[in-house]
$ cat start.cif   # mmCIF, C-alpha atoms
data_entry
loop_
_atom_site.group_PDB
_atom_site.id
_atom_site.type_symbol
_atom_site.label_atom_id
_atom_site.label_comp_id
_atom_site.auth_asym_id
_atom_site.auth_seq_id
_atom_site.Cartn_x
_atom_site.Cartn_y
_atom_site.Cartn_z
ATOM 1 C CA MET A 2 160.554 -113.356 81.178
ATOM 2 C CA SER A 3 162.871 -115.230 78.809
ATOM 3 C CA PHE A 4 160.435 -117.982 77.775
ATOM 4 C CA VAL A 5 159.204 -117.370 74.223
ATOM 5 C CA LEU A 6 156.139 -119.127 72.857
ATOM 6 C CA ARG A 7 156.967 -121.115 69.749
ATOM 7 C CA GLY A 8 154.261 -123.518 68.660
ATOM 8 C CA PRO A 9 155.329 -126.497 66.515
ATOM 9 C CA VAL A 10 153.128 -128.151 63.899
ATOM 10 C CA LEU A 11 150.627 -130.391 65.720
ATOM 11 C CA GLU A 12 149.022 -133.141 63.662
ATOM 12 C CA GLY A 13 145.881 -135.177 64.263
ATOM 13 C CA GLU A 14 143.397 -137.162 62.205
ATOM 14 C CA PHE A 15 140.946 -134.337 61.533
ATOM 15 C CA VAL A 16 143.122 -131.257 61.889
ATOM 16 C CA ARG A 17 146.707 -130.129 61.437
ATOM 17 C CA LEU A 18 147.679 -127.056 63.415
ATOM 18 C CA GLU A 19 150.193 -125.048 61.404
ATOM 19 C CA PRO A 20 151.936 -121.844 62.527
ATOM 20 C CA LEU A 21 149.827 -119.060 61.033
ATOM 21 C CA GLY A 22 151.150 -117.350 57.925
ATOM 22 C CA HIS A 23 149.966 -115.262 54.991
ATOM 23 C CA HIS A 24 149.764 -118.401 52.841
ATOM 24 C CA HIS A 25 146.668 -119.295 54.896
ATOM 25 C CA ALA A 26 144.914 -115.996 54.152
ATOM 26 C CA ALA A 27 142.859 -117.025 51.107
ATOM 27 C CA ASP A 28 141.492 -120.106 52.875
ATOM 28 C CA LEU A 29 140.713 -118.136 56.021
ATOM 29 C CA ALA A 30 138.906 -115.462 54.014
ATOM 30 C CA ARG A 31 136.611 -118.139 52.568
ATOM 31 C CA ALA A 32 136.167 -119.844 55.939
ATOM 32 C CA ALA A 33 135.253 -116.611 57.735
ATOM 33 C CA GLU A 34 132.452 -115.801 55.299
ATOM 34 C CA GLU A 35 130.645 -119.176 55.221
ATOM 35 C CA ASP A 36 128.132 -118.312 57.939
ATOM 36 C CA ARG A 37 128.887 -115.694 60.570
ATOM 37 C CA GLY A 38 125.892 -116.480 62.759
ATOM 38 C CA SER A 39 127.986 -117.932 65.594
ATOM 39 C CA TYR A 40 130.574 -115.108 65.718
ATOM 40 C CA ALA A 41 128.658 -112.510 67.710
ATOM 41 C CA PHE A 42 131.209 -112.315 70.549
ATOM 42 C CA THR A 43 134.331 -113.602 68.757
ATOM 43 C CA TRP A 44 137.104 -111.839 66.830
ATOM 44 C CA VAL A 45 136.694 -113.260 63.324
ATOM 45 C CA PRO A 46 137.872 -111.058 60.444
ATOM 46 C CA ARG A 47 135.807 -110.307 57.378
ATOM 47 C CA ALA A 48 137.321 -111.611 54.139
ATOM 48 C CA GLU A 49 138.839 -108.233 53.294
ATOM 49 C CA GLU A 50 140.350 -107.956 56.786
ATOM 50 C CA VAL A 51 142.192 -111.301 56.835
ATOM 51 C CA GLY A 52 145.523 -109.840 55.689
ATOM 52 C CA ALA A 53 145.479 -107.313 58.512
ATOM 53 C CA TYR A 54 144.294 -110.022 60.927
ATOM 54 C CA VAL A 55 147.302 -112.205 60.072
ATOM 55 C CA ASP A 56 149.603 -109.184 60.382
ATOM 56 C CA ALA A 57 148.204 -108.438 63.857
ATOM 57 C CA GLN A 58 148.678 -112.016 65.040
ATOM 58 C CA LEU A 59 152.211 -112.189 63.671
ATOM 59 C CA ALA A 60 153.035 -108.896 65.398
ATOM 60 C CA ARG A 61 151.848 -110.402 68.685
ATOM 61 C CA ALA A 62 153.884 -113.527 67.937
ATOM 62 C CA ALA A 63 157.002 -111.382 67.523
ATOM 63 C CA THR A 64 156.684 -110.365 71.196
ATOM 64 C CA GLY A 65 156.937 -114.021 72.295
ATOM 65 C CA ARG A 66 153.517 -113.858 73.974
ATOM 66 C CA LEU A 67 151.482 -115.525 71.219
ATOM 67 C CA ALA A 68 151.908 -118.625 69.062
ATOM 68 C CA PRO A 69 149.135 -118.384 66.436
ATOM 69 C CA TYR A 70 147.924 -121.336 64.398
ATOM 70 C CA ALA A 71 145.848 -121.980 61.321
ATOM 71 C CA GLN A 72 143.515 -124.930 61.785
ATOM 72 C CA VAL A 73 143.905 -126.946 58.583
ATOM 73 C CA SER A 74 141.345 -129.615 57.714
ATOM 74 C CA ARG A 75 143.036 -132.935 56.985
ATOM 75 C CA ALA A 76 140.108 -133.854 54.723
ATOM 76 C CA THR A 77 140.476 -130.864 52.389
ATOM 77 C CA GLY A 78 143.946 -129.441 53.074
ATOM 78 C CA ARG A 79 142.383 -126.021 53.584
ATOM 79 C CA ALA A 80 142.621 -123.710 56.578
ATOM 80 C CA VAL A 81 139.209 -123.661 58.261
ATOM 81 C CA GLY A 82 139.929 -121.424 61.240
ATOM 82 C CA ALA A 83 142.512 -120.220 63.715
ATOM 83 C CA THR A 84 143.614 -120.708 67.302
ATOM 84 C CA ALA A 85 146.641 -119.853 69.446
ATOM 85 C CA TYR A 86 148.671 -120.268 72.574
ATOM 86 C CA TRP A 87 148.571 -116.946 74.437
ATOM 87 C CA GLU A 88 149.717 -115.211 77.640
ATOM 88 C CA PRO A 89 152.633 -117.393 78.829
ATOM 89 C CA ARG A 90 153.251 -117.135 82.571
ATOM 90 C CA CYS A 91 156.509 -118.128 84.248
ATOM 91 C CA TRP A 92 156.021 -117.663 87.974
ATOM 92 C CA ARG A 93 158.793 -119.848 89.370
ATOM 93 C CA ASP A 94 161.546 -119.551 86.786
ATOM 94 C CA ASP A 95 161.969 -117.303 83.759
ATOM 95 C CA ASP A 96 162.770 -120.288 81.543
ATOM 96 C CA ARG A 97 159.974 -122.575 82.764
ATOM 97 C CA LEU A 98 156.413 -122.150 81.562
ATOM 98 C CA ASP A 99 153.904 -122.546 84.386
ATOM 99 C CA ALA A 100 150.670 -121.610 82.614
ATOM 100 C CA VAL A 101 149.381 -120.638 79.196
ATOM 101 C CA GLU A 102 146.059 -119.711 77.636
ATOM 102 C CA VAL A 103 144.493 -121.284 74.564
ATOM 103 C CA GLY A 104 142.545 -118.603 72.772
ATOM 104 C CA PHE A 105 141.841 -116.583 69.618
ATOM 105 C CA THR A 106 139.880 -119.617 68.408
ATOM 106 C CA TRP A 107 137.349 -119.662 65.592
ATOM 107 C CA LEU A 108 136.166 -122.170 63.002
ATOM 108 C CA ALA A 109 134.284 -121.999 59.741
ATOM 109 C CA ALA A 110 130.649 -123.016 60.088
ATOM 110 C CA SER A 111 131.269 -126.160 58.015
ATOM 111 C CA ALA A 112 134.067 -127.273 60.376
ATOM 112 C CA GLN A 113 132.021 -126.888 63.552
ATOM 113 C CA GLY A 114 130.769 -130.173 64.992
ATOM 114 C CA THR A 115 133.169 -132.244 62.872
ATOM 115 C CA GLY A 116 135.765 -133.193 65.475
ATOM 116 C CA VAL A 117 138.186 -130.444 64.499
ATOM 117 C CA ASN A 118 137.673 -128.404 67.685
ATOM 118 C CA ALA A 119 137.890 -131.383 70.042
ATOM 119 C CA GLU A 120 141.042 -132.699 68.383
ATOM 120 C CA ALA A 121 142.666 -129.259 68.201
ATOM 121 C CA LYS A 122 142.122 -128.790 71.935
ATOM 122 C CA PHE A 123 143.529 -132.272 72.560
ATOM 123 C CA LEU A 124 146.675 -131.476 70.562
ATOM 124 C CA LEU A 125 147.171 -128.072 72.198
ATOM 125 C CA PHE A 126 146.558 -129.343 75.723
ATOM 126 C CA ARG A 127 148.762 -132.403 75.258
ATOM 127 C CA HIS A 128 151.688 -130.328 74.003
ATOM 128 C CA ALA A 129 151.315 -127.831 76.839
ATOM 129 C CA PHE A 130 151.102 -130.441 79.596
ATOM 130 C CA GLU A 131 153.469 -133.094 78.244
ATOM 131 C CA GLU A 132 156.107 -131.028 76.426
ATOM 132 C CA TRP A 133 156.072 -127.730 78.319
ATOM 133 C CA ASP A 134 155.032 -129.327 81.627
ATOM 134 C CA VAL A 135 152.643 -126.512 82.497
ATOM 135 C CA ALA A 136 150.641 -126.478 85.720
ATOM 136 C CA ARG A 137 147.500 -125.162 83.982
ATOM 137 C CA VAL A 138 145.952 -124.247 80.665
ATOM 138 C CA ASP A 139 143.232 -121.639 80.725
ATOM 139 C CA LEU A 140 140.552 -120.472 78.327
ATOM 140 C CA LYS A 141 138.267 -117.457 78.461
ATOM 141 C CA THR A 142 135.295 -116.116 76.559
ATOM 142 C CA ASP A 143 132.761 -113.327 76.726
ATOM 143 C CA ALA A 144 130.599 -114.162 79.747
ATOM 144 C CA ARG A 145 127.482 -113.681 77.565
ATOM 145 C CA ASN A 146 128.640 -116.243 74.988
ATOM 146 C CA ALA A 147 126.651 -119.321 76.032
ATOM 147 C CA ARG A 148 127.680 -121.266 72.920
ATOM 148 C CA SER A 149 131.388 -120.744 73.561
ATOM 149 C CA ARG A 150 131.054 -121.502 77.268
ATOM 150 C CA ALA A 151 129.316 -124.796 76.489
ATOM 151 C CA ALA A 152 132.008 -125.696 73.944
ATOM 152 C CA ILE A 153 134.785 -124.996 76.461
ATOM 153 C CA GLU A 154 133.100 -127.052 79.161
ATOM 154 C CA SER A 155 132.575 -129.885 76.669
ATOM 155 C CA VAL A 156 136.338 -130.380 76.287
ATOM 156 C CA GLY A 157 136.739 -130.862 80.032
ATOM 157 C CA ALA A 158 137.728 -127.398 81.253
ATOM 158 C CA ARG A 159 136.407 -126.272 84.644
ATOM 159 C CA PHE A 160 134.580 -122.973 85.092
ATOM 160 C CA GLU A 161 136.366 -120.727 87.604
ATOM 161 C CA GLY A 162 134.278 -117.572 87.567
ATOM 162 C CA VAL A 163 133.667 -114.280 85.789
ATOM 163 C CA LEU A 164 136.200 -111.459 85.767
ATOM 164 C CA ARG A 165 134.414 -108.164 85.284
ATOM 165 C CA ASN A 166 135.638 -105.619 82.724
ATOM 166 C CA TRP A 167 138.497 -108.018 82.024
ATOM 167 C CA SER A 168 139.199 -107.524 78.332
ATOM 168 C CA ARG A 169 138.002 -105.732 75.231
ATOM 169 C CA SER A 170 134.670 -106.624 73.708
ATOM 170 C CA TRP A 171 134.540 -108.080 70.199
ATOM 171 C CA ALA A 172 130.755 -107.788 69.948
ATOM 172 C CA PRO A 173 129.497 -105.659 67.037
ATOM 173 C CA GLY A 174 128.672 -102.138 68.134
ATOM 174 C CA GLU A 175 130.795 -102.417 71.302
ATOM 175 C CA GLU A 176 134.049 -101.043 69.899
ATOM 176 C CA GLY A 177 136.093 -99.429 72.651
ATOM 177 C CA ARG A 178 134.116 -101.137 75.417
ATOM 178 C CA LEU A 179 135.187 -103.812 77.875
ATOM 179 C CA ARG A 180 133.542 -107.166 78.484
ATOM 180 C CA ASP A 181 133.157 -109.521 81.411
ATOM 181 C CA SER A 182 135.171 -112.698 80.773
ATOM 182 C CA ALA A 183 134.233 -116.215 81.881
ATOM 183 C CA ILE A 184 137.402 -118.084 82.891
ATOM 184 C CA PHE A 185 137.954 -121.832 82.557
ATOM 185 C CA SER A 186 140.988 -124.015 83.200
ATOM 186 C CA VAL A 187 142.473 -127.482 83.102
ATOM 187 C CA THR A 188 145.213 -128.200 85.657
ATOM 188 C CA ALA A 189 148.007 -130.732 85.363
ATOM 189 C CA GLY A 190 146.259 -133.017 87.856
ATOM 190 C CA GLU A 191 143.090 -132.906 85.756
ATOM 191 C CA TRP A 192 144.828 -133.514 82.437
ATOM 192 C CA PRO A 193 144.646 -137.369 82.466
ATOM 193 C CA ALA A 194 140.855 -137.306 82.883
ATOM 194 C CA CYS A 195 140.527 -134.477 80.359
ATOM 195 C CA GLN A 196 142.747 -136.375 77.929
ATOM 196 C CA ALA A 197 140.575 -139.486 78.189
ATOM 197 C CA ARG A 198 137.467 -137.385 77.641
ATOM 198 C CA LEU A 199 138.882 -135.723 74.536
ATOM 199 C CA GLU A 200 140.176 -139.006 73.128
ATOM 200 C CA GLU A 201 136.694 -140.483 73.571
ATOM 201 C CA ARG A 202 135.108 -137.530 71.774
ATOM 202 C CA VAL A 203 137.566 -137.776 68.873
ATOM 203 C CA ALA A 204 136.896 -141.524 68.657
ATOM 204 C CA ARG A 205 133.152 -140.827 68.364
ATOM 205 C CA TYR A 206 133.768 -138.427 65.500
ATOM 206 C CA ARG A 207 136.035 -141.030 63.859
ATOM 207 C CA ALA A 208 133.313 -143.663 64.124
ATOM 208 C CA ARG A 209 130.745 -141.232 62.771
ATOM 209 C CA SER A 210 132.894 -140.334 59.777
ATOM 210 C CA GLY A 211 133.476 -144.030 59.086
ATOM 211 C CA GLU A 212 129.731 -144.589 58.893
ATOM 212 C CA ALA A 213 129.191 -141.721 56.473
#

$ encode --input "start.cif" --output "structure tokens"
Amino acid sequence: MSFVLRGPVLEGEFVRLEPLGHHHAADLARAAEEDRGSYAFTWVPRAEEVGAYVDAQLARAATGRLAPYAQVSRATGRAVGATAYWEPRCWRDDDRLDAVEVGFTWLAASAQGTGVNAEAKFLLFRHAFEEWDVARVDLKTDARNARSRAAIESVGARFEGVLRNWSRSWAPGEEGRLRDSAIFSVTAGEWPACQARLEERVARYRARSGEA
């Protein structure tokens, strides 16, 4: 496969997605330690692990199979989490991207429910469908992670099923074990409706922030 994932800066009202780098590490260390109550099934580094976390993501990026981002709050200018394009698939032509996953996503507790996640998904999906012309974007999570599954469905992705023993578990105490993964997707034909849904959600957050 000759297609190499390279994610550009993607800018919205609430969030700016910047290619991940070590200059984001201090912010991410603070963000990761705010409240870890929602991270039971998600790979989120501890503060002292952030340097190694960034190294690992950049090593994956060097293979062309990952384009990692820091999620930077437009309100504060600080990185409040991470996300990525992942697993590019070129089925019809080595230079044409047919499908890609959006994954490795986490947010600081204070950034959850603020519009950052909805707008980040909008920016990532729009670039994938309108610039790369993909046929599908997929997302996956630990099948036990009800919170994550609800969040994925809320952005308009469709549940496709559970793949058993599909990937490594990130749950504490399950090192070296595999997890069942719940798979979701948005196809090119579904993107216009998904786009409208995400734009409506972002508009609601905008109205809410204007009232504050």

$ atom_distance --input "start.cif" --atom1 "atom CA of A:Asp139" --atom2 "atom CA of A:Arg61"
18.6 Å

$ closest_atom_pairs --input "start.cif" --of "stretch 101-143 of chain A" --to "stretch 10-15 of chain A" --cutoff "7 Å" --atoms "all atoms listed in the file" --output "JSON lines"
{"residue": "A:Gly116", "atom": "CA", "partner": "A:Phe15", "partner_atom": "CA", "distance": 6.6}
{"residue": "A:Val117", "atom": "CA", "partner": "A:Phe15", "partner_atom": "CA", "distance": 5.6}
{"residue": "A:Glu120", "atom": "CA", "partner": "A:Gly13", "partner_atom": "CA", "distance": 6.8}
{"residue": "A:Leu124", "atom": "CA", "partner": "A:Leu11", "partner_atom": "CA", "distance": 6.3}

$ residues_around --input "start.cif" --residues "stretch 46-59 of chain A" --least-positions-apart "6" --cutoff "9 Å" --atoms "all atoms listed in the file" --output "list in words"
Leu21, Gly22, His23, His25, Ala26, Ala27, Leu29, Ala30, Arg31, Ala32, Ala33, Glu34, Leu67, Ala68 and Pro69 of chain A

$ closest_residue --input "start.cif" --among "A:Arg198, A:Arg159, A:Arg205, A:Arg79" --to "A:Arg137" --atoms "all atoms listed in the file"
A:Arg159

$ closest_residue --input "start.cif" --among "A:Ala204, A:Ser170, A:Val135, A:Arg75" --to "A:Arg93" --atoms "only C-alpha atoms"
A:Val135

$ atom_distance --input "start.cif" --atom1 "atom CA of A:Ala158" --atom2 "atom CA of A:Trp87"
16.5 Å

$ resolve_selection --input "start.cif" --expression "the PyMOL selection byres ((chain A and resi 183) around 8)" --output "ChimeraX atom specification"
/A:141-144,150,160-164,181-182,184-185

$ resolve_selection --input "start.cif" --expression "the PyMOL selection byres ((chain A and resi 71) around 9)" --output "PDB file with C-alpha atoms, in the coordinates of the input"
ATOM      1  CA  ARG A  17     146.707-130.129  61.437  1.00  0.00           C
ATOM      2  CA  LEU A  18     147.679-127.056  63.415  1.00  0.00           C
ATOM      3  CA  GLU A  19     150.193-125.048  61.404  1.00  0.00           C
ATOM      4  CA  PRO A  20     151.936-121.844  62.527  1.00  0.00           C
ATOM      5  CA  LEU A  21     149.827-119.060  61.033  1.00  0.00           C
ATOM      6  CA  GLY A  22     151.150-117.350  57.925  1.00  0.00           C
ATOM      7  CA  HIS A  25     146.668-119.295  54.896  1.00  0.00           C
ATOM      8  CA  LEU A  29     140.713-118.136  56.021  1.00  0.00           C
ATOM      9  CA  PRO A  69     149.135-118.384  66.436  1.00  0.00           C
ATOM     10  CA  TYR A  70     147.924-121.336  64.398  1.00  0.00           C
ATOM     11  CA  GLN A  72     143.515-124.930  61.785  1.00  0.00           C
ATOM     12  CA  VAL A  73     143.905-126.946  58.583  1.00  0.00           C
ATOM     13  CA  ALA A  80     142.621-123.710  56.578  1.00  0.00           C
ATOM     14  CA  VAL A  81     139.209-123.661  58.261  1.00  0.00           C
ATOM     15  CA  GLY A  82     139.929-121.424  61.240  1.00  0.00           C
ATOM     16  CA  ALA A  83     142.512-120.220  63.715  1.00  0.00           C
ATOM     17  CA  THR A  84     143.614-120.708  67.302  1.00  0.00           C
ATOM     18  CA  ALA A  85     146.641-119.853  69.446  1.00  0.00           C
TER      19      ALA A  85
END

$ resolve_selection --input "start.cif" --expression "the PyMOL selection byres ((chain A and resi 96) around 7)" --output "ChimeraX atom specification"
/A:3-4,94-95,97-98

$ closest_residue --input "start.cif" --among "A:Thr188, A:Asn146, A:Asn166, A:Ser111" --to "A:Phe130" --atoms "all atoms listed in the file"
A:Thr188

$ atom_distance --input "start.cif" --atom1 "atom CA of A:Ser155" --atom2 "atom CA of A:Ala197"
12.6 Å

$ closest_residue --input "start.cif" --among "A:Gln196, A:Gly177, A:Ala121, A:Arg66" --to "A:Gly157" --atoms "only C-alpha atoms"
A:Gln196

$ axis_aligned_box --input "start.cif" --around "stretch 141-157 of chain A" --padding-each-side "6 Å" --output "JSON"
{"center_x": 132.5, "center_y": -122.1, "center_z": 76.5, "size_x": 23.6, "size_y": 29.5, "size_z": 19.1}

$ closest_residue --input "start.cif" --among "A:Phe105, A:Val156, A:Ala136, A:Ala129" --to "A:Ala194" --atoms "all atoms listed in the file"
A:Val156

$ closest_residue --input "start.cif" --among "A:Phe123, A:Tyr86, A:Tyr40, A:Trp92" --to "A:Val203" --atoms "all atoms listed in the file"
A:Phe123

$ residues_around --input "start.cif" --residues "A:Ala172" --least-positions-apart "5" --cutoff "8 Å" --atoms "all atoms listed in the file" --output "list of chain:residue names"
A:Ala41, A:Phe42, A:Thr43
